[in-house]
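Beneath this line is the structure, given in structure tokens, with notes to follow.
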Amino acid sequence: MKLMKSAAALALASAALLAGAGTASAGNQSYPVSSWLDVNVRTCASTFCKPVGVAEVGYTTYATCWTRGELIIEHGITNDVWLQVGSTDTGVWGYASAVYFRGDELANLPATAQCRV
């Protein structure tokens with residue numbers, strides 16, 4: 001996951017971590033996922049939440065779990081599943097719509113990997 005390069009973005013990322021974004025996981029396992037478009041990573045499973053980074057096309061991002069959130073429609077694909085994704089290198093985690101990731105409705109995460117809040 002590539003992070004936005006601005007002071008505001010870093011402040012948002014820090015605030016998200018302090019607020020607990022990325023703490024609701026199904027366990028310690030992570031799953032590699034790749035997007036077919038650049039996708040914003042947000043503090044919650046909604047486009048109303050602030051972005052903390054971008055999962056760029058062509059890079060592998062890791063997802064720890066999935067949850068239901070805002071319904072997203074993109075290029076005729078409709079999905080309300082959001083993935084908790086992030087980078088262990090930076091420690092920044094957030095949510096990205098599964099509609100932008102390759103695979104099935106859950107971006108090939110197992111059904112048992114539902115986020116626990």
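Every chain in the structure tokens takes a letter, A first, then B, and so on in the order presented; its residues are numbered from 1, and the ligands are numbered from 1 following the presented order.
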Query raised in the report: stretch 57-74 of chain A: which residues within 6 Å, counting only C-alpha atoms, same-chain residues fewer than 2 positions away excluded, as a list in words?
Result: Met1, Ser25, Ala26, Ser30, Tyr31, Pro32, Val33, Ser34, Ser35, Trp36, Leu37, Asp38, Ala45, Ser46, Gly76, Ile77, Thr78, Asn79, Asp80, Val81, Trp82, Leu83, Gln84, Val85, Gly86, Ala113, Gln114 and Cys115 of chain A
Report summary line: If you count only C-alpha atoms, the residue of A:Val99, A:Ala111, A:Trp93, A:His75 closest to A:Val39 turns out to be A:Val99
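Picture a line from atom CA of A:Gly53 to atom CA of A:Tyr95; it runs 9.7 Å.
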